[in-house]
Amino acid sequence: MNQGKVEKYLLERRKEGPLHLSLIDPDKTNGEKAEKIGDMLASVGTDAFLVGGSTGVCPFETEQVVRSLKKTGLPVIIFPGGLSNIVPSADAILYMSLLNSDDPYFIIGAHIQGCLLIKKYNIETIPTAYIIVGHGGAAGHVGKARPVPYENPELAALYVLAGSMLGMRFAYLEAGSGAPYPVPPQAVVLSKKLSPETFVIVGGGIRDPKTAYELVKAGADAIVTGTIIEKDPEALREIIKTLSKT
Ligand code: 1GP
């Protein structure tokens, strides 16, 4: 399948440096609030929005949030925690398979349930290997993941390689929202070593510029922050500034 508009944008933008993606959980916001948050994030230089959550997400609210964020002109990409996250206004969806889930539903089951809707809405799909590392947070729990231990970063790289061999051009290394520790940089180093062509997104527990810096130095193509958007907007600004200098 050909790369769509959003994927091309991400790859083009990558040539200038690592990207910052802002995660917005529709369970924790609404259309009105999302508009303000979206403006703030666009003004500090985020590159795109991810919208999604593992629990409490309904399509009606998600659609409102997506529409509000689209007003910034930046791409809005669904980061699906479940079928209820699929809404018509989104520009793209990370069509992700949770490769280290013990439950086939999260590897391919949800995908067959959602694919016709995605086609009907004409949403661009970005084939993505989703890998839970360490703590895993709600995504790990809900997705019945067998998380890659922090001490075994090489296992994360094997999932990324296997995903790329299956045609997944993107990989998302996930420590879980609000995780006490982020993905270890060595997992990124080894992933990029084995799969240099894969666009590696890293998220979960990134709260300060030093952590973000270490991850992009390790080779991350994009980093995701969610929790600090509202909790610590100053740290968020510093993180985006740090990325723009690397
Ligand atoms: C979670 O990777 C994202 O899916 C973002 O995590 O909320 O910890 O920034 P945080």
# chains A, B, ... in the order shown; residues from 1 in each chain; ligands from 1
$ residues_near_ligand --ligand "ligand 1" --cutoff "10 Å" --atoms "only C-alpha atoms and all ligand atoms" --output "CSV table (one decimal) with all heavy atoms, in the first residue's frame"
chain,number,residue,atom,x,y,z
A,21,LEU,N,5.2,14.6,19.1
A,21,LEU,CA,3.8,14.3,18.9
A,21,LEU,C,3.0,14.5,20.3
A,21,LEU,O,3.5,14.0,21.3
A,21,LEU,CB,3.6,12.9,18.4
A,21,LEU,CG,4.4,12.5,17.2
A,21,LEU,CD1,4.2,11.0,16.9
A,21,LEU,CD2,4.1,13.3,16.0
A,22,SER,N,1.9,15.1,20.2
A,22,SER,CA,1.1,15.4,21.5
A,22,SER,C,0.0,14.4,21.5
A,22,SER,O,-0.9,14.3,20.6
A,22,SER,CB,0.5,16.8,21.4
A,22,SER,OG,1.6,17.8,21.5
A,23,LEU,N,-0.1,13.7,22.7
A,23,LEU,CA,-1.2,12.7,22.8
A,23,LEU,C,-2.3,13.4,23.6
A,23,LEU,O,-2.1,13.9,24.7
A,23,LEU,CB,-0.7,11.5,23.6
A,23,LEU,CG,-1.8,10.5,24.0
A,23,LEU,CD1,-2.4,9.9,22.8
A,23,LEU,CD2,-1.2,9.4,24.9
A,24,ILE,N,-3.5,13.3,23.0
A,24,ILE,CA,-4.7,13.9,23.7
A,24,ILE,C,-5.6,12.7,23.9
A,24,ILE,O,-6.0,12.0,22.9
A,24,ILE,CB,-5.4,14.9,22.8
A,24,ILE,CG1,-4.4,16.0,22.3
A,24,ILE,CG2,-6.6,15.5,23.5
A,24,ILE,CD1,-3.9,16.9,23.4
A,25,ASP,N,-6.1,12.5,25.1
A,25,ASP,CA,-7.0,11.4,25.5
A,25,ASP,C,-8.4,12.0,25.5
A,25,ASP,O,-8.7,12.8,26.4
A,25,ASP,CB,-6.6,10.9,26.9
A,25,ASP,CG,-7.4,9.6,27.2
A,25,ASP,OD1,-8.5,9.4,26.7
A,25,ASP,OD2,-6.9,8.9,28.1
A,50,LEU,N,-1.8,13.0,18.4
A,50,LEU,CA,-2.3,11.6,18.5
A,50,LEU,C,-3.5,11.7,19.4
A,50,LEU,O,-3.5,12.4,20.4
A,50,LEU,CB,-1.3,10.7,19.1
A,50,LEU,CG,0.0,10.5,18.4
A,50,LEU,CD1,0.9,9.5,19.2
A,50,LEU,CD2,-0.2,9.9,17.0
A,51,VAL,N,-4.6,11.1,19.0
A,51,VAL,CA,-5.8,11.1,19.8
A,51,VAL,C,-6.2,9.7,20.1
A,51,VAL,O,-6.4,8.9,19.2
A,51,VAL,CB,-7.0,11.8,19.0
A,51,VAL,CG1,-8.3,11.8,19.8
A,51,VAL,CG2,-6.6,13.3,18.8
A,52,GLY,N,-6.4,9.4,21.4
A,52,GLY,CA,-6.8,8.0,21.7
A,52,GLY,C,-6.6,7.8,23.2
A,52,GLY,O,-6.0,8.5,23.9
A,53,GLY,N,-7.2,6.6,23.6
A,53,GLY,CA,-7.1,6.2,25.0
A,53,GLY,C,-7.6,4.8,25.2
A,53,GLY,O,-8.4,4.3,24.4
A,54,SER,N,-7.2,4.2,26.3
A,54,SER,CA,-7.5,2.8,26.5
A,54,SER,C,-8.9,2.6,27.1
A,54,SER,O,-9.5,1.5,27.0
A,54,SER,CB,-6.5,2.1,27.4
A,54,SER,OG,-5.2,2.3,27.0
A,79,PHE,N,-4.8,7.2,17.7
A,79,PHE,CA,-3.9,6.3,18.3
A,79,PHE,C,-4.8,5.4,19.1
A,79,PHE,O,-5.2,5.6,20.2
A,79,PHE,CB,-3.0,7.1,19.2
A,79,PHE,CG,-2.1,6.4,20.1
A,79,PHE,CD1,-1.3,5.3,19.7
A,79,PHE,CD2,-2.0,6.7,21.5
A,79,PHE,CE1,-0.5,4.7,20.5
A,79,PHE,CE2,-1.2,6.0,22.3
A,79,PHE,CZ,-0.4,5.0,21.9
A,80,PRO,N,-5.3,4.3,18.4
A,80,PRO,CA,-6.5,3.7,18.9
A,80,PRO,C,-6.3,2.8,20.1
A,80,PRO,O,-5.4,1.9,20.1
A,80,PRO,CB,-6.9,2.8,17.7
A,80,PRO,CG,-5.7,2.5,17.0
A,80,PRO,CD,-4.8,3.7,17.2
A,81,GLY,N,-7.0,3.0,21.2
A,81,GLY,CA,-7.1,2.2,22.3
A,81,GLY,C,-8.2,1.1,22.2
A,81,GLY,O,-8.3,0.2,23.0
A,132,ILE,N,4.9,-2.9,23.9
A,132,ILE,CA,4.9,-2.4,25.3
A,132,ILE,C,6.2,-2.8,26.0
A,132,ILE,O,6.6,-4.0,26.0
A,132,ILE,CB,3.7,-3.0,26.1
A,132,ILE,CG1,2.4,-2.7,25.3
A,132,ILE,CG2,3.7,-2.5,27.5
A,132,ILE,CD1,1.7,-1.4,25.6
A,136,GLY,N,4.3,-0.4,31.3
A,136,GLY,CA,3.2,-0.6,30.4
A,136,GLY,C,1.9,0.2,30.6
A,136,GLY,O,1.1,0.3,29.7
A,137,GLY,N,1.7,0.6,31.9
A,137,GLY,CA,0.5,1.4,32.2
A,137,GLY,C,-0.8,0.7,31.8
A,137,GLY,O,-0.9,-0.5,31.6
A,138,ALA,N,-1.8,1.5,31.6
A,138,ALA,CA,-3.2,1.0,31.2
A,138,ALA,C,-3.1,0.3,29.9
A,138,ALA,O,-3.8,-0.7,29.7
A,138,ALA,CB,-4.2,2.2,31.2
A,139,ALA,N,-2.3,0.8,28.9
A,139,ALA,CA,-2.3,0.2,27.6
A,139,ALA,C,-1.8,-1.3,27.7
A,139,ALA,O,-2.3,-2.2,27.1
A,139,ALA,CB,-1.3,1.0,26.7
A,140,GLY,N,-0.8,-1.5,28.6
A,140,GLY,CA,-0.2,-2.8,28.8
A,140,GLY,C,-1.2,-3.7,29.5
A,140,GLY,O,-1.4,-4.9,29.1
A,172,TYR,N,6.1,1.7,17.5
A,172,TYR,CA,5.8,2.6,18.6
A,172,TYR,C,6.3,1.8,19.9
A,172,TYR,O,5.7,0.8,20.2
A,172,TYR,CB,4.3,2.9,18.7
A,172,TYR,CG,3.9,4.0,19.7
A,172,TYR,CD1,3.0,5.0,19.3
A,172,TYR,CD2,4.3,4.0,21.0
A,172,TYR,CE1,2.6,6.0,20.1
A,172,TYR,CE2,3.9,5.0,21.9
A,172,TYR,CZ,3.1,6.0,21.4
A,172,TYR,OH,2.6,7.0,22.3
A,173,LEU,N,7.4,2.3,20.5
A,173,LEU,CA,7.8,1.7,21.7
A,173,LEU,C,7.2,2.4,22.9
A,173,LEU,O,7.4,3.6,23.1
A,173,LEU,CB,9.4,1.8,21.8
A,173,LEU,CG,10.2,1.1,20.8
A,173,LEU,CD1,11.7,1.3,20.9
A,173,LEU,CD2,9.9,-0.4,20.7
A,174,GLU,N,6.4,1.7,23.6
A,174,GLU,CA,5.5,2.3,24.6
A,174,GLU,C,5.8,1.8,26.1
A,174,GLU,O,5.7,0.6,26.4
A,174,GLU,CB,4.0,1.9,24.3
A,174,GLU,CG,3.0,2.2,25.3
A,174,GLU,CD,2.6,3.7,25.3
A,174,GLU,OE1,3.3,4.5,26.0
A,174,GLU,OE2,1.7,4.1,24.6
A,175,ALA,N,6.1,2.8,26.9
A,175,ALA,CA,6.3,2.5,28.4
A,175,ALA,C,5.0,2.6,29.1
A,175,ALA,O,4.9,2.1,30.3
A,175,ALA,CB,7.4,3.4,29.0
A,176,GLY,N,4.0,3.2,28.5
A,176,GLY,CA,2.7,3.3,29.2
A,176,GLY,C,2.5,4.8,29.7
A,176,GLY,O,3.5,5.4,30.1
A,177,SER,N,1.3,5.3,29.5
A,177,SER,CA,1.1,6.7,29.9
A,177,SER,C,1.3,6.8,31.4
A,177,SER,O,0.8,6.0,32.2
A,177,SER,CB,-0.3,7.1,29.6
A,177,SER,OG,-0.5,8.4,29.8
A,178,GLY,N,2.2,7.8,31.8
A,178,GLY,CA,2.5,8.0,33.2
A,178,GLY,C,3.4,7.0,33.8
A,178,GLY,O,3.5,6.9,35.1
A,179,ALA,N,4.1,6.2,33.0
A,179,ALA,CA,5.0,5.2,33.5
A,179,ALA,C,6.1,5.8,34.4
A,179,ALA,O,6.6,6.9,34.1
A,179,ALA,CB,5.6,4.4,32.3
A,180,PRO,N,6.5,5.1,35.4
A,180,PRO,CA,7.6,5.6,36.3
A,180,PRO,C,8.9,5.8,35.5
A,180,PRO,O,9.7,6.7,35.8
A,180,PRO,CB,7.7,4.6,37.4
A,180,PRO,CG,6.9,3.4,37.0
A,180,PRO,CD,6.0,3.9,35.9
A,181,TYR,N,9.2,4.9,34.5
A,181,TYR,CA,10.4,5.0,33.8
A,181,TYR,C,10.0,4.9,32.3
A,181,TYR,O,9.1,4.2,31.9
A,181,TYR,CB,11.3,3.8,34.0
A,181,TYR,CG,11.6,3.6,35.5
A,181,TYR,CD1,11.0,2.6,36.2
A,181,TYR,CD2,12.5,4.5,36.1
A,181,TYR,CE1,11.3,2.5,37.6
A,181,TYR,CE2,12.8,4.3,37.5
A,181,TYR,CZ,12.2,3.3,38.2
A,181,TYR,OH,12.4,3.2,39.5
A,182,PRO,N,10.8,5.7,31.5
A,182,PRO,CA,10.5,5.7,30.0
A,182,PRO,C,11.1,4.4,29.4
A,182,PRO,O,11.8,3.6,30.1
A,182,PRO,CB,11.2,6.9,29.5
A,182,PRO,CG,12.3,7.2,30.5
A,182,PRO,CD,11.8,6.7,31.8
A,183,VAL,N,10.9,4.3,28.1
A,183,VAL,CA,11.6,3.2,27.4
A,183,VAL,C,13.1,3.4,27.5
A,183,VAL,O,13.6,4.5,27.3
A,183,VAL,CB,11.1,3.3,25.9
A,183,VAL,CG1,12.0,2.4,25.0
A,183,VAL,CG2,9.6,2.9,25.7
A,201,ILE,N,8.7,5.6,17.0
A,201,ILE,CA,8.1,6.5,17.9
A,201,ILE,C,8.3,6.0,19.3
A,201,ILE,O,8.1,4.8,19.5
A,201,ILE,CB,6.5,6.6,17.6
A,201,ILE,CG1,6.3,7.0,16.1
A,201,ILE,CG2,5.8,7.5,18.5
A,201,ILE,CD1,4.8,6.9,15.7
A,202,VAL,N,8.6,6.9,20.2
A,202,VAL,CA,8.8,6.4,21.6
A,202,VAL,C,7.9,7.3,22.6
A,202,VAL,O,7.9,8.5,22.4
A,202,VAL,CB,10.2,6.6,22.1
A,202,VAL,CG1,10.5,6.0,23.5
A,202,VAL,CG2,11.2,5.9,21.1
A,203,GLY,N,7.2,6.6,23.5
A,203,GLY,CA,6.3,7.4,24.4
A,203,GLY,C,6.2,6.7,25.7
A,203,GLY,O,6.5,5.5,25.9
A,204,GLY,N,5.6,7.4,26.7
A,204,GLY,CA,5.4,6.9,28.0
A,204,GLY,C,6.4,7.3,29.0
A,204,GLY,O,7.6,7.0,28.9
A,205,GLY,N,6.0,8.2,30.0
A,205,GLY,CA,6.9,8.5,31.1
A,205,GLY,C,7.9,9.6,30.7
A,205,GLY,O,8.9,9.7,31.4
A,206,ILE,N,7.8,10.3,29.6
A,206,ILE,CA,8.8,11.3,29.2
A,206,ILE,C,8.3,12.6,29.8
A,206,ILE,O,7.2,13.1,29.4
A,206,ILE,CB,8.9,11.4,27.6
A,206,ILE,CG1,9.3,10.1,27.1
A,206,ILE,CG2,9.9,12.5,27.3
A,206,ILE,CD1,9.3,10.0,25.5
A,207,ARG,N,9.1,13.1,30.8
A,207,ARG,CA,8.6,14.3,31.5
A,207,ARG,C,9.6,15.4,31.6
A,207,ARG,O,9.3,16.5,32.1
A,207,ARG,CB,8.3,13.8,33.0
A,207,ARG,CG,7.1,13.0,33.2
A,207,ARG,CD,6.9,12.6,34.6
A,207,ARG,NE,7.7,11.5,34.9
A,207,ARG,CZ,7.2,10.2,34.9
A,207,ARG,NH1,6.0,10.0,34.5
A,207,ARG,NH2,8.0,9.2,35.2
A,223,ILE,N,9.1,11.6,19.5
A,223,ILE,CA,8.7,11.2,20.9
A,223,ILE,C,7.3,11.8,21.2
A,223,ILE,O,6.9,12.8,20.6
A,223,ILE,CB,9.7,11.7,21.9
A,223,ILE,CG1,9.8,13.2,22.0
A,223,ILE,CG2,11.1,11.2,21.7
A,223,ILE,CD1,9.8,13.7,23.4
A,224,VAL,N,6.6,11.1,22.1
A,224,VAL,CA,5.2,11.4,22.4
A,224,VAL,C,5.2,11.8,23.9
A,224,VAL,O,5.7,11.2,24.7
A,224,VAL,CB,4.3,10.2,22.2
A,224,VAL,CG1,2.9,10.5,22.5
A,224,VAL,CG2,4.4,9.6,20.8
A,225,THR,N,4.5,12.9,24.1
A,225,THR,CA,4.1,13.3,25.5
A,225,THR,C,2.6,13.5,25.6
A,225,THR,O,2.0,14.0,24.7
A,225,THR,CB,4.9,14.5,26.0
A,225,THR,OG1,4.5,15.6,25.2
A,225,THR,CG2,6.4,14.4,26.0
A,226,GLY,N,2.1,13.0,26.7
A,226,GLY,CA,0.7,13.1,27.0
A,226,GLY,C,0.4,13.8,28.3
A,226,GLY,O,0.0,14.9,28.4
A,227,THR,N,0.8,13.1,29.4
A,227,THR,CA,0.6,13.5,30.8
A,227,THR,C,1.0,14.9,31.0
A,227,THR,O,0.3,15.7,31.7
A,227,THR,CB,1.2,12.5,31.7
A,227,THR,OG1,0.8,11.2,31.4
A,227,THR,CG2,0.9,12.9,33.2
A,228,ILE,N,2.2,15.3,30.6
A,228,ILE,CA,2.7,16.6,31.0
A,228,ILE,C,2.1,17.8,30.3
A,228,ILE,O,2.3,19.0,30.7
A,228,ILE,CB,4.3,16.8,30.8
A,228,ILE,CG1,4.7,16.6,29.4
A,228,ILE,CG2,5.0,15.8,31.8
A,228,ILE,CD1,6.1,17.1,29.1
A,229,ILE,N,1.3,17.5,29.2
A,229,ILE,CA,0.7,18.6,28.5
A,229,ILE,C,0.0,19.6,29.4
A,229,ILE,O,0.1,20.8,29.3
A,229,ILE,CB,-0.3,18.1,27.4
A,229,ILE,CG1,0.6,17.4,26.3
A,229,ILE,CG2,-1.1,19.2,26.8
A,229,ILE,CD1,-0.3,16.7,25.2
A,236,LEU,N,7.1,20.7,28.9
A,236,LEU,CA,6.7,20.4,27.5
A,236,LEU,C,7.5,21.4,26.5
A,236,LEU,O,8.1,20.9,25.5
A,236,LEU,CB,5.2,20.5,27.3
A,236,LEU,CG,4.7,20.3,25.9
A,236,LEU,CD1,4.7,18.9,25.6
A,236,LEU,CD2,3.3,20.9,25.8
$ select_by_dssp --residues "segment 49-191 of chain A" --states "helix (DSSP H, G or I)" --output "ChimeraX atom specification"
/A:59-70,83-85,104-121,137-142,153-165,185-191
$ write_last_selection --atoms "C-alpha atoms" --output "PDB file, in the first residue's frame"
ATOM      1  CA  PRO A  59     -16.791   8.160  19.379  1.00  0.00           C
ATOM      2  CA  PHE A  60     -18.935  11.272  19.836  1.00  0.00           C
ATOM      3  CA  GLU A  61     -16.456  13.007  22.161  1.00  0.00           C
ATOM      4  CA  THR A  62     -13.513  11.771  20.140  1.00  0.00           C
ATOM      5  CA  GLU A  63     -14.960  13.302  16.971  1.00  0.00           C
ATOM      6  CA  GLN A  64     -15.391  16.658  18.750  1.00  0.00           C
ATOM      7  CA  VAL A  65     -11.804  16.550  19.989  1.00  0.00           C
ATOM      8  CA  VAL A  66     -10.463  15.633  16.542  1.00  0.00           C
ATOM      9  CA  ARG A  67     -12.402  18.456  14.874  1.00  0.00           C
ATOM     10  CA  SER A  68     -11.107  20.984  17.398  1.00  0.00           C
ATOM     11  CA  LEU A  69      -7.507  19.889  16.973  1.00  0.00           C
ATOM     12  CA  LYS A  70      -7.805  19.979  13.179  1.00  0.00           C
ATOM     13  CA  LEU A  83     -12.765   0.542  18.182  1.00  0.00           C
ATOM     14  CA  SER A  84     -14.543   3.460  19.856  1.00  0.00           C
ATOM     15  CA  ASN A  85     -11.542   5.637  18.945  1.00  0.00           C
ATOM     16  CA  PRO A 104      -4.766 -12.354  19.453  1.00  0.00           C
ATOM     17  CA  TYR A 105      -7.580  -9.795  19.676  1.00  0.00           C
ATOM     18  CA  PHE A 106      -4.984  -7.022  20.128  1.00  0.00           C
ATOM     19  CA  ILE A 107      -2.707  -8.433  17.448  1.00  0.00           C
ATOM     20  CA  ILE A 108      -5.316  -8.836  14.669  1.00  0.00           C
ATOM     21  CA  GLY A 109      -8.842  -9.234  16.144  1.00  0.00           C
ATOM     22  CA  ALA A 110      -9.720  -5.566  16.615  1.00  0.00           C
ATOM     23  CA  HIS A 111      -8.273  -4.907  13.174  1.00  0.00           C
ATOM     24  CA  ILE A 112     -10.782  -7.022  11.321  1.00  0.00           C
ATOM     25  CA  GLN A 113     -13.566  -5.418  13.321  1.00  0.00           C
ATOM     26  CA  GLY A 114     -12.380  -1.892  12.503  1.00  0.00           C
ATOM     27  CA  CYS A 115     -10.997  -2.103   8.964  1.00  0.00           C
ATOM     28  CA  LEU A 116     -14.266  -1.642   7.056  1.00  0.00           C
ATOM     29  CA  LEU A 117     -15.115   1.434   9.089  1.00  0.00           C
ATOM     30  CA  ILE A 118     -11.681   2.895   8.432  1.00  0.00           C
ATOM     31  CA  LYS A 119     -12.154   2.248   4.717  1.00  0.00           C
ATOM     32  CA  LYS A 120     -15.633   3.760   4.768  1.00  0.00           C
ATOM     33  CA  TYR A 121     -14.333   6.908   6.487  1.00  0.00           C
ATOM     34  CA  GLY A 137       0.507   1.393  32.171  1.00  0.00           C
ATOM     35  CA  ALA A 138      -3.160   1.024  31.216  1.00  0.00           C
ATOM     36  CA  ALA A 139      -2.263   0.177  27.598  1.00  0.00           C
ATOM     37  CA  GLY A 140      -0.227  -2.796  28.776  1.00  0.00           C
ATOM     38  CA  HIS A 141      -2.885  -3.982  31.191  1.00  0.00           C
ATOM     39  CA  VAL A 142      -5.838  -3.592  28.834  1.00  0.00           C
ATOM     40  CA  PRO A 153      16.074  -3.972  25.345  1.00  0.00           C
ATOM     41  CA  GLU A 154      17.219  -6.370  22.604  1.00  0.00           C
ATOM     42  CA  LEU A 155      13.781  -8.017  22.715  1.00  0.00           C
ATOM     43  CA  ALA A 156      12.104  -4.741  21.791  1.00  0.00           C
ATOM     44  CA  ALA A 157      14.399  -4.495  18.772  1.00  0.00           C
ATOM     45  CA  LEU A 158      13.395  -7.995  17.662  1.00  0.00           C
ATOM     46  CA  TYR A 159       9.721  -7.009  17.695  1.00  0.00           C
ATOM     47  CA  VAL A 160      10.549  -3.924  15.631  1.00  0.00           C
ATOM     48  CA  LEU A 161      12.494  -6.035  13.131  1.00  0.00           C
ATOM     49  CA  ALA A 162       9.758  -8.669  12.915  1.00  0.00           C
ATOM     50  CA  GLY A 163       7.193  -5.894  12.427  1.00  0.00           C
ATOM     51  CA  SER A 164       9.234  -4.359   9.604  1.00  0.00           C
ATOM     52  CA  MET A 165       9.507  -7.768   7.949  1.00  0.00           C
ATOM     53  CA  PRO A 185      17.342   4.391  25.147  1.00  0.00           C
ATOM     54  CA  GLN A 186      19.186   1.147  24.406  1.00  0.00           C
ATOM     55  CA  ALA A 187      15.901  -0.346  23.100  1.00  0.00           C
ATOM     56  CA  VAL A 188      15.827   2.470  20.550  1.00  0.00           C
ATOM     57  CA  VAL A 189      19.517   2.112  19.648  1.00  0.00           C
ATOM     58  CA  LEU A 190      19.103  -1.615  18.999  1.00  0.00           C
ATOM     59  CA  SER A 191      15.819  -1.153  17.110  1.00  0.00           C
TER      60      SER A 191
END
$ select_by_dssp --residues "segment 68-113 of chain A" --states "strand (DSSP E)" --output "PyMOL selection string"
chain A and resi 76-78+92-98
$ closest_residue --among "A:Ile78, A:Val200, A:Ile240, A:Ile131" --to "Asp221 of chain A" --atoms "only C-alpha atoms"
A:Val200
$ atom_distance --atom1 "atom CA of Ile77 of chain A" --atom2 "atom CA of Met96 of chain A"
12.0 Å
$ closest_residue --among "A:Asp232, A:Glu124, A:Glu35, A:Asp27" --to "Lys8 of chain A" --atoms "only C-alpha atoms"
A:Glu124
$ closest_residue --among "A:Ala90, A:Gly219, A:Ile239, A:Thr72" --to "Lys36 of chain A" --atoms "only C-alpha atoms"
A:Thr72
$ decode --residues "segment 170-183 of chain A" --atoms "C-alpha atoms" --output "PDB file, in the first residue's frame"
ATOM      1  CA  PHE A 170       6.374   2.456  11.852  1.00  0.00           C
ATOM      2  CA  ALA A 171       7.029   1.137  15.349  1.00  0.00           C
ATOM      3  CA  TYR A 172       5.840   2.589  18.644  1.00  0.00           C
ATOM      4  CA  LEU A 173       7.830   1.678  21.744  1.00  0.00           C
ATOM      5  CA  GLU A 174       5.465   2.297  24.638  1.00  0.00           C
ATOM      6  CA  ALA A 175       6.322   2.465  28.351  1.00  0.00           C
ATOM      7  CA  GLY A 176       2.701   3.337  29.179  1.00  0.00           C
ATOM      8  CA  SER A 177       1.103   6.665  29.947  1.00  0.00           C
ATOM      9  CA  GLY A 178       2.452   8.018  33.231  1.00  0.00           C
ATOM     10  CA  ALA A 179       4.999   5.194  33.495  1.00  0.00           C
ATOM     11  CA  PRO A 180       7.592   5.647  36.264  1.00  0.00           C
ATOM     12  CA  TYR A 181      10.399   4.986  33.755  1.00  0.00           C
ATOM     13  CA  PRO A 182      10.488   5.676  30.025  1.00  0.00           C
ATOM     14  CA  VAL A 183      11.567   3.183  27.362  1.00  0.00           C
TER      15      VAL A 183
END
